[in-house]
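Encoded as structure tokens, the structure appears first; notes follow it.
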Amino acid sequence: MRVRTRFAPSPTGYLHIGGLRTALYAYLWAKKNGGDFILRIEDTDRNRLVEDACEIIYRTLKDTGLVYDEGPDVGGDYGPYIQSERKQLYIDTAKELVERGAAYYCFCTKERLQKLHEDAGGAAVKYDKHCLSLSKEEVERRIAAGEEYVIRQNIGTEGTAEYDDLVYGHISVPLADMEDQILLKSDGMPTYNLANVVDDHYMKISHVIRGMEYLSSTPKYNMLYDALGWERPVYIHLPPVMKDKTRKLSKRYGDASYEDFIGKGYLKEAVINYIALLGWNPGDNREIFTLEELTEAFDLKGISKSPSIFDNDKLTWMNAEYIRAMDDETFKKKAAPYVVSSVGEGFDLDIIAGLIKPRIETWNQIGEMIGFLRDLPEYDTSFFFNKKTKCTPEKSVDMLIAAKEELEKLRAFDVVSIHDSMIALAEKLEVKNGLLLWPLRIALSGQLVTPGGAIEIAALLGKEESIRRIDKALSMLS
RNA sequence: GGCCCCAUGGUCAAGCGGUCAAGACAUCGCCCUUUCACGGCGGUAACAGGAGUUCGAUUCUCCUUGGGGUCACCA
């Protein structure tokens, strides 16, 4: 049997991390087995449609490398891949189900259902099968009369329904707890309950990979497969990704979409790598994986049964790992826009790249890190105190005067020249490098902490600006 | 509330009857060092509780507790 998996989101907004992970696992399982990964859009709820939602889904999957073999925008042999375009198929199937006694027409009004609820004191109540007893003639008469109707699944009340899930194992649910759910809505659109079964069957989906919220309703879908004489797919339900101990990560919190993470300066490779490991482990201690390596290593055995809390710290660490592993040219190219937007053009990108590469964890940290190059921050003369180098404001004056004199003499103002000259100066003054360089760095940057030291900063600022900042410090200290 | 599922450090997690209970993130300390990072080394930190089964339970069973899911003309 050819392995075919699908990712079937509803276009209700951006793609959140939990959904992306489901897509990832479905993709990995298909590719691991040399099969097909299909994208299907579940848009049967006309009230929840969001403009551009489909585009975001297409773009995100392509951007992350989760290339689907079949889908709305790429076609395929089992289309259409948008449910609203398959309406007739669901209607026909629903009627077939009625023929076979597995479903029935229901004319109950929303008001009646509402009342059923109220009579139960607001507690959860099952539909009372009120319309199951309607005669065929009456059904036909009422349909002809233009009455609105839905089609409900006819579920027995005795015994249990069972199936085996590849991650959760044997699942057994009492039939008495299941409701005669609606398959076809009064607007002629199917509910998920019908549509997912029909589509998975006709699209020849072999493995259904989805969130575990469907764990206990899956027996109902199985009854549909059985009633239609269709072969059931294999089920792989996934535990949810949580924001914290009790809350699921979802769109409602606004910070959980793929695009938000990219916007916050994370690399797509790191995001994919991180979420792959949220709820799955390869069985060894390896943590850094490319998509190809994930495809190779992925297996069902490593999927966890319990919810995992999304840990931003770990994602950030992983992102930093990716950044540090970049070759210098790639890093420079990626960092350039962030550097320019922070300090403008005119600074030596090679030096900056070298300084920030081991120091940033996300791209967005660049701006704050190097802003001092453009504008010298207001700072306090207490910055010139440093215990380790035994630096004081008084000594700083001497050091800065000496340093300024040397720097002014320099013809080439590059890192090597400045370095040599400062080392020589420290030797001449018979002080430790640190005592000379501490006040210099403070004067040049106005910050206690900087990426790189006094020498690199001086080279970046250039001679003129360096001297100007030293003079500023000297005037503050006098 | 009924039903389904889950339960190892703060987090991700390995473990699948006998281990001093891995590893990673975070955290703390030390080293490196012209600040901060990077890097290196080390520390703190867990089997939810109670009954069984067994020579022996983190591991198997049951109960309790805790958490998640579900009970829609949403998916």
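By order of appearance in the structure tokens: chains A, B, ..., then residues from 1 within every chain, and ligands from 1 in the order shown.
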Got a sec to pull out which chain B residues are within 10 Å of chain A, counting only C-alpha atoms (C1' of nucleotides), and send them as a ChimeraX atom specification? /B:1-7,11-14,22-26,34-38,67-75
Tell me, as a ChimeraX atom specification, which residues lie within 10 Å of Ala256 of chain A, counting only C-alpha atoms (C1' of nucleotides); anything in the same chain fewer than 4 positions away does not count. /A:14-18,243,249-252,260-261,310
Using DSSP secondary structure from the backbone, list all strand (DSSP E) positions within segment 76-167 of chain A, as an NGL selection string. :A and (103-106 or 150-153 or 160-165)
Can you write out the residues you just picked, keeping N, CA, C and O atoms, as a compact mmCIF listing (two decimals), in the first residue's frame?
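selection_23.txt written:
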# COMPACT_ATOMS: atom_id res chain seq x y z
N ALA A 103 -27.59 6.44 8.25
CA ALA A 103 -27.85 7.85 8.50
C ALA A 103 -29.32 8.12 8.23
O ALA A 103 -30.00 7.29 7.64
N TYR A 104 -29.80 9.27 8.67
CA TYR A 104 -31.22 9.58 8.45
C TYR A 104 -31.44 11.08 8.40
O TYR A 104 -30.64 11.86 8.89
N TYR A 105 -32.53 11.44 7.76
CA TYR A 105 -32.89 12.86 7.65
C TYR A 105 -33.42 13.35 8.97
O TYR A 105 -34.10 12.62 9.69
N CYS A 106 -33.12 14.59 9.27
CA CYS A 106 -33.59 15.17 10.52
C CYS A 106 -34.09 16.58 10.25
O CYS A 106 -33.39 17.39 9.64
N VAL A 150 -31.21 18.25 7.91
CA VAL A 150 -29.80 17.85 7.97
C VAL A 150 -29.82 16.33 7.88
O VAL A 150 -30.87 15.71 7.98
N ILE A 151 -28.66 15.76 7.66
CA ILE A 151 -28.58 14.30 7.69
C ILE A 151 -27.69 13.91 8.85
O ILE A 151 -26.58 14.45 9.01
N ARG A 152 -28.22 13.05 9.69
CA ARG A 152 -27.48 12.62 10.87
C ARG A 152 -26.99 11.19 10.75
O ARG A 152 -27.63 10.35 10.12
N GLN A 153 -25.90 10.93 11.41
CA GLN A 153 -25.39 9.56 11.45
C GLN A 153 -26.20 8.78 12.47
O GLN A 153 -26.50 9.27 13.56
N THR A 160 -19.49 -1.20 22.56
CA THR A 160 -18.42 -0.24 22.43
C THR A 160 -17.82 -0.29 21.03
O THR A 160 -17.96 -1.28 20.33
N ALA A 161 -17.19 0.81 20.66
CA ALA A 161 -16.50 0.86 19.37
C ALA A 161 -15.01 0.92 19.68
O ALA A 161 -14.59 1.63 20.58
N GLU A 162 -14.24 0.16 18.94
CA GLU A 162 -12.82 0.11 19.23
C GLU A 162 -11.97 0.25 17.98
O GLU A 162 -12.42 -0.05 16.88
N TYR A 163 -10.79 0.69 18.19
CA TYR A 163 -9.83 0.74 17.09
C TYR A 163 -8.44 0.88 17.69
O TYR A 163 -8.30 1.11 18.90
N ASP A 164 -7.44 0.74 16.83
CA ASP A 164 -6.07 0.87 17.32
C ASP A 164 -5.41 2.08 16.69
O ASP A 164 -5.41 2.25 15.48
N ASP A 165 -4.86 2.90 17.56
CA ASP A 165 -4.15 4.09 17.11
C ASP A 165 -2.67 3.76 17.19
O ASP A 165 -2.23 3.10 18.15
Long-range neighbours of G42 of chain B as a list in words, 12 Å cut-off, only C-alpha atoms (C1' of nucleotides), 2 positions minimum in chain: C28, G29, C30, C31, G40 and U44 of chain B
Could those selected residues go to a file with N, CA, C and O atoms (P, O5', C5', C4', C3', O3' and C1' of nucleotides), as a compact mmCIF listing (two decimals), in the first residue's frame?
# COMPACT_ATOMS: atom_id res chain seq x y z
P C B 28 21.98 32.20 36.80
O5' C B 28 22.87 31.37 37.83
C5' C B 28 22.50 31.30 39.21
C4' C B 28 23.41 30.33 39.92
C3' C B 28 24.90 30.53 39.68
O3' C B 28 25.45 31.54 40.50
C1' C B 28 24.37 28.25 39.43
P G B 29 26.71 32.38 39.97
O5' G B 29 27.92 31.35 40.11
C5' G B 29 28.35 30.94 41.40
C4' G B 29 29.40 29.87 41.28
C3' G B 29 30.61 30.21 40.42
O3' G B 29 31.56 31.00 41.10
C1' G B 29 29.87 28.04 39.91
P C B 30 32.57 31.94 40.26
O5' C B 30 33.60 30.90 39.64
C5' C B 30 34.48 30.17 40.48
C4' C B 30 35.24 29.15 39.66
C3' C B 30 36.03 29.71 38.49
O3' C B 30 37.29 30.23 38.89
C1' C B 30 34.82 27.81 37.78
P C B 31 37.97 31.36 37.98
O5' C B 31 38.38 30.56 36.68
C5' C B 31 39.36 29.53 36.74
C4' C B 31 39.55 28.92 35.38
C3' C B 31 39.91 29.89 34.28
O3' C B 31 41.30 30.17 34.26
C1' C B 31 38.22 28.41 33.52
P G B 40 32.02 23.43 24.09
O5' G B 40 33.13 23.33 25.22
C5' G B 40 34.44 22.87 24.90
C4' G B 40 35.29 22.88 26.13
C3' G B 40 34.68 22.22 27.36
O3' G B 40 34.84 20.81 27.34
C1' G B 40 35.60 24.31 27.97
P U B 44 25.24 17.87 42.38
O5' U B 44 24.13 19.00 42.53
C5' U B 44 24.09 19.81 43.70
C4' U B 44 22.91 20.76 43.63
C3' U B 44 21.58 20.07 43.30
O3' U B 44 21.00 19.52 44.47
C1' U B 44 21.83 22.01 41.96
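The closest residue to Ala30 of chain A, picked from A:Arg4, A:Lys333, A:Arg142, A:Arg59 and counting only C-alpha atoms, is A:Arg4.
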Which polymer residues have any atom within 12 Å of an atom of Tyr225 of chain A, counting only C-alpha atoms (C1' of nucleotides), with same-chain residues fewer than 4 positions away left out, as a PyMOL selection string? chain A and resi 93+97+102+193-202+218-221+229-233
Contact residues around Asn33 of chain A with only C-alpha atoms (C1' of nucleotides) at 9 Å, ignoring same-chain residues under 3 positions, as a PDB file with N, CA, C and O atoms, in the first residue's frame:
ATOM      1  N   ARG A   2       0.567   2.140  -0.901  1.00  0.00           N
ATOM      2  CA  ARG A   2       1.332   3.374  -0.977  1.00  0.00           C
ATOM      3  C   ARG A   2       0.956   4.281   0.208  1.00  0.00           C
ATOM      4  O   ARG A   2      -0.219   4.451   0.510  1.00  0.00           O
ATOM      5  N   VAL A   3       1.965   4.812   0.842  1.00  0.00           N
ATOM      6  CA  VAL A   3       1.708   5.701   1.965  1.00  0.00           C
ATOM      7  C   VAL A   3       1.323   7.075   1.451  1.00  0.00           C
ATOM      8  O   VAL A   3       2.047   7.700   0.679  1.00  0.00           O
ATOM      9  N   LEU A  28       6.788  14.130   7.014  1.00  0.00           N
ATOM     10  CA  LEU A  28       7.900  13.226   7.305  1.00  0.00           C
ATOM     11  C   LEU A  28       7.517  11.760   7.125  1.00  0.00           C
ATOM     12  O   LEU A  28       8.274  10.969   6.565  1.00  0.00           O
ATOM     13  N   TRP A  29       6.329  11.429   7.581  1.00  0.00           N
ATOM     14  CA  TRP A  29       5.914  10.034   7.482  1.00  0.00           C
ATOM     15  C   TRP A  29       5.738   9.617   6.020  1.00  0.00           C
ATOM     16  O   TRP A  29       6.149   8.530   5.616  1.00  0.00           O
ATOM     17  N   ALA A  30       5.147  10.512   5.242  1.00  0.00           N
ATOM     18  CA  ALA A  30       4.964  10.205   3.819  1.00  0.00           C
ATOM     19  C   ALA A  30       6.313  10.050   3.136  1.00  0.00           C
ATOM     20  O   ALA A  30       6.573   9.066   2.441  1.00  0.00           O
ATOM     21  N   ASP A  36       3.233   9.978  -0.679  1.00  0.00           N
ATOM     22  CA  ASP A  36       2.770  11.306  -1.068  1.00  0.00           C
ATOM     23  C   ASP A  36       2.222  12.099   0.117  1.00  0.00           C
ATOM     24  O   ASP A  36       1.607  11.541   1.024  1.00  0.00           O
TER      25      ASP A  36
END
In Å to one decimal, how far is atom CA of Val397 of chain A from atom CA of Phe347 of chain A?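 Computing the Euclidean distance for atom CA of Phe347 of chain A and atom CA of Val397 of chain A yields 27.7 Å.
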Do a neighbour search on Lys428 of chain A at 12 Å with only C-alpha atoms (C1' of nucleotides), toss out local chain neighbours closer than 4 positions, and write the hits as a ChimeraX atom specification. /A:399,402-403,406,421-424,432-433,436
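Pairwise distance (atom CA of Leu407 of chain A, atom CA of Val431 of chain A) equals 17.4 Å.
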Please indicate the distance in Å from atom CA of Gly156 of chain A to atom CA of Arg86 of chain A, rounded to one decimal place.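 Distance between the two atoms: 28.7 Å.
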Neighbours of Gly76 of chain A within 12 Å (only C-alpha atoms (C1' of nucleotides); same-chain residues fewer than 3 positions away dropped), as a list in words?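 My list of contacting residues is Asp36, Phe37, Ile38, Leu39, Arg40, Tyr68, Asp69, Glu70, Gly71, Pro72, Asp73, Gly79, Pro80, Tyr81, Ile82 and Met203 of chain A.
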Output N, CA and C atoms of each residue in that selection to a file, as a short mmCIF file (atom, residue, chain, number, x, y, z; two decimals), in the first residue's frame.
data_model
loop_
_atom_site.label_atom_id
_atom_site.label_comp_id
_atom_site.auth_asym_id
_atom_site.auth_seq_id
_atom_site.Cartn_x
_atom_site.Cartn_y
_atom_site.Cartn_z
N ASP A 36 3.23 9.98 -0.68
CA ASP A 36 2.77 11.31 -1.07
C ASP A 36 2.22 12.10 0.12
N PHE A 37 2.47 13.38 0.05
CA PHE A 37 1.96 14.30 1.07
C PHE A 37 0.99 15.22 0.36
N ILE A 38 -0.24 15.24 0.88
CA ILE A 38 -1.30 16.00 0.22
C ILE A 38 -1.81 17.15 1.09
N LEU A 39 -2.09 18.26 0.44
CA LEU A 39 -2.69 19.38 1.16
C LEU A 39 -4.16 19.49 0.74
N ARG A 40 -5.01 19.55 1.74
CA ARG A 40 -6.44 19.69 1.47
C ARG A 40 -6.97 20.83 2.33
N TYR A 68 4.15 19.75 -0.82
CA TYR A 68 3.09 18.76 -0.99
C TYR A 68 3.00 18.34 -2.45
N ASP A 69 2.72 17.07 -2.62
CA ASP A 69 2.67 16.51 -3.96
C ASP A 69 1.37 16.84 -4.66
N GLU A 70 0.33 17.01 -3.85
CA GLU A 70 -0.97 17.34 -4.41
C GLU A 70 -1.62 18.40 -3.53
N GLY A 71 -2.36 19.29 -4.15
CA GLY A 71 -3.01 20.33 -3.37
C GLY A 71 -3.73 21.29 -4.27
N PRO A 72 -4.49 22.21 -3.67
CA PRO A 72 -5.33 23.12 -4.45
C PRO A 72 -4.55 23.87 -5.52
N ASP A 73 -3.38 24.35 -5.18
CA ASP A 73 -2.65 25.19 -6.13
C ASP A 73 -1.67 24.41 -7.00
N GLY A 79 -8.26 15.53 -7.07
CA GLY A 79 -8.87 16.81 -6.73
C GLY A 79 -10.36 16.80 -6.99
N PRO A 80 -11.03 17.92 -6.76
CA PRO A 80 -10.43 19.13 -6.20
C PRO A 80 -9.98 18.95 -4.75
N TYR A 81 -9.06 19.80 -4.31
CA TYR A 81 -8.50 19.66 -2.98
C TYR A 81 -9.04 20.70 -1.99
N ILE A 82 -10.13 21.31 -2.43
CA ILE A 82 -10.81 22.26 -1.55
C ILE A 82 -12.20 21.71 -1.33
N MET A 203 -9.28 10.24 -1.64
CA MET A 203 -7.91 10.70 -1.91
C MET A 203 -6.91 9.61 -1.55
#
Secondary structure check, alpha helix (DSSP H) residues of segment 312-428 of chain A, as a ChimeraX atom specification: /A:312-325,328-343,349-356,365-370,393-409,415-428
Could those selected residues go to a file with C-alpha atoms, as a CSV table (one decimal), in the first residue's frame?
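Everything below was put into selection_1.csv:
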chain,number,residue,atom,x,y,z
A,312,ASN,CA,10.9,29.5,23.8
A,313,ASP,CA,14.3,29.4,25.5
A,314,LYS,CA,15.2,26.2,23.8
A,315,LEU,CA,14.0,27.4,20.5
A,316,THR,CA,16.2,30.5,21.0
A,317,TRP,CA,19.2,28.3,21.9
A,318,MET,CA,18.6,26.2,18.8
A,319,ASN,CA,18.3,29.2,16.6
A,320,ALA,CA,21.6,30.4,18.0
A,321,GLU,CA,23.1,27.1,17.1
A,322,TYR,CA,22.0,27.5,13.6
A,323,ILE,CA,23.4,31.0,13.4
A,324,ARG,CA,26.8,30.0,14.7
A,325,ALA,CA,26.9,27.1,12.3
A,328,ASP,CA,30.6,33.7,7.4
A,329,GLU,CA,29.4,34.8,4.0
A,330,THR,CA,25.9,33.5,4.5
A,331,PHE,CA,25.8,35.1,7.9
A,332,LYS,CA,26.9,38.4,6.6
A,333,LYS,CA,24.4,38.4,3.9
A,334,LYS,CA,21.5,37.6,6.2
A,335,ALA,CA,22.6,40.0,8.9
A,336,ALA,CA,23.2,42.9,6.6
A,337,PRO,CA,19.7,44.2,6.4
A,338,TYR,CA,19.4,44.2,10.2
A,339,VAL,CA,22.7,46.0,10.6
A,340,VAL,CA,21.8,48.6,8.0
A,341,SER,CA,18.4,49.2,9.6
A,342,SER,CA,20.0,49.7,12.9
A,343,VAL,CA,23.1,51.8,12.2
A,349,LEU,CA,30.2,44.7,7.7
A,350,ASP,CA,32.9,42.1,8.0
A,351,ILE,CA,34.0,43.4,11.4
A,352,ILE,CA,30.4,43.7,12.6
A,353,ALA,CA,29.5,40.3,11.4
A,354,GLY,CA,32.5,38.8,13.1
A,355,LEU,CA,31.5,40.4,16.3
A,356,ILE,CA,27.9,39.6,16.4
A,365,GLN,CA,18.9,41.2,18.6
A,366,ILE,CA,21.3,42.9,16.2
A,367,GLY,CA,19.7,46.3,16.3
A,368,GLU,CA,20.0,46.7,20.0
A,369,MET,CA,23.4,45.2,20.1
A,370,ILE,CA,25.2,47.6,17.8
A,393,PRO,CA,38.0,57.7,36.5
A,394,GLU,CA,41.4,59.2,37.4
A,395,LYS,CA,43.4,56.6,35.8
A,396,SER,CA,41.1,56.6,32.8
A,397,VAL,CA,42.0,60.2,32.1
A,398,ASP,CA,45.7,59.2,31.8
A,399,MET,CA,44.9,56.2,29.7
A,400,LEU,CA,42.6,58.1,27.4
A,401,ILE,CA,45.1,60.9,26.8
A,402,ALA,CA,47.8,58.4,26.0
A,403,ALA,CA,45.6,56.3,23.8
A,404,LYS,CA,44.3,59.3,21.9
A,405,GLU,CA,47.8,60.5,21.2
A,406,GLU,CA,48.8,57.1,19.8
A,407,LEU,CA,45.6,56.7,17.8
A,408,GLU,CA,46.1,60.1,16.2
A,409,LYS,CA,49.5,59.0,15.0
A,415,VAL,CA,42.0,46.4,13.7
A,416,VAL,CA,45.6,45.1,13.3
A,417,SER,CA,47.2,48.5,13.4
A,418,ILE,CA,45.1,49.7,16.4
A,419,HIS,CA,45.8,46.4,18.2
A,420,ASP,CA,49.5,46.6,17.7
A,421,SER,CA,49.7,50.2,18.7
A,422,MET,CA,47.6,49.8,21.9
A,423,ILE,CA,49.5,46.7,23.0
A,424,ALA,CA,52.7,48.6,22.5
A,425,LEU,CA,51.3,51.5,24.4
A,426,ALA,CA,50.3,49.4,27.4
A,427,GLU,CA,53.8,48.0,27.4
A,428,LYS,CA,55.3,51.4,27.3
Would you mind telling me which residue in B:C41, B:A57, B:C47, B:C63 lies nearest to G18 of chain B when using only C-alpha atoms (C1' of nucleotides)?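 Closest to G18 of chain B of all the choices is B:A57.
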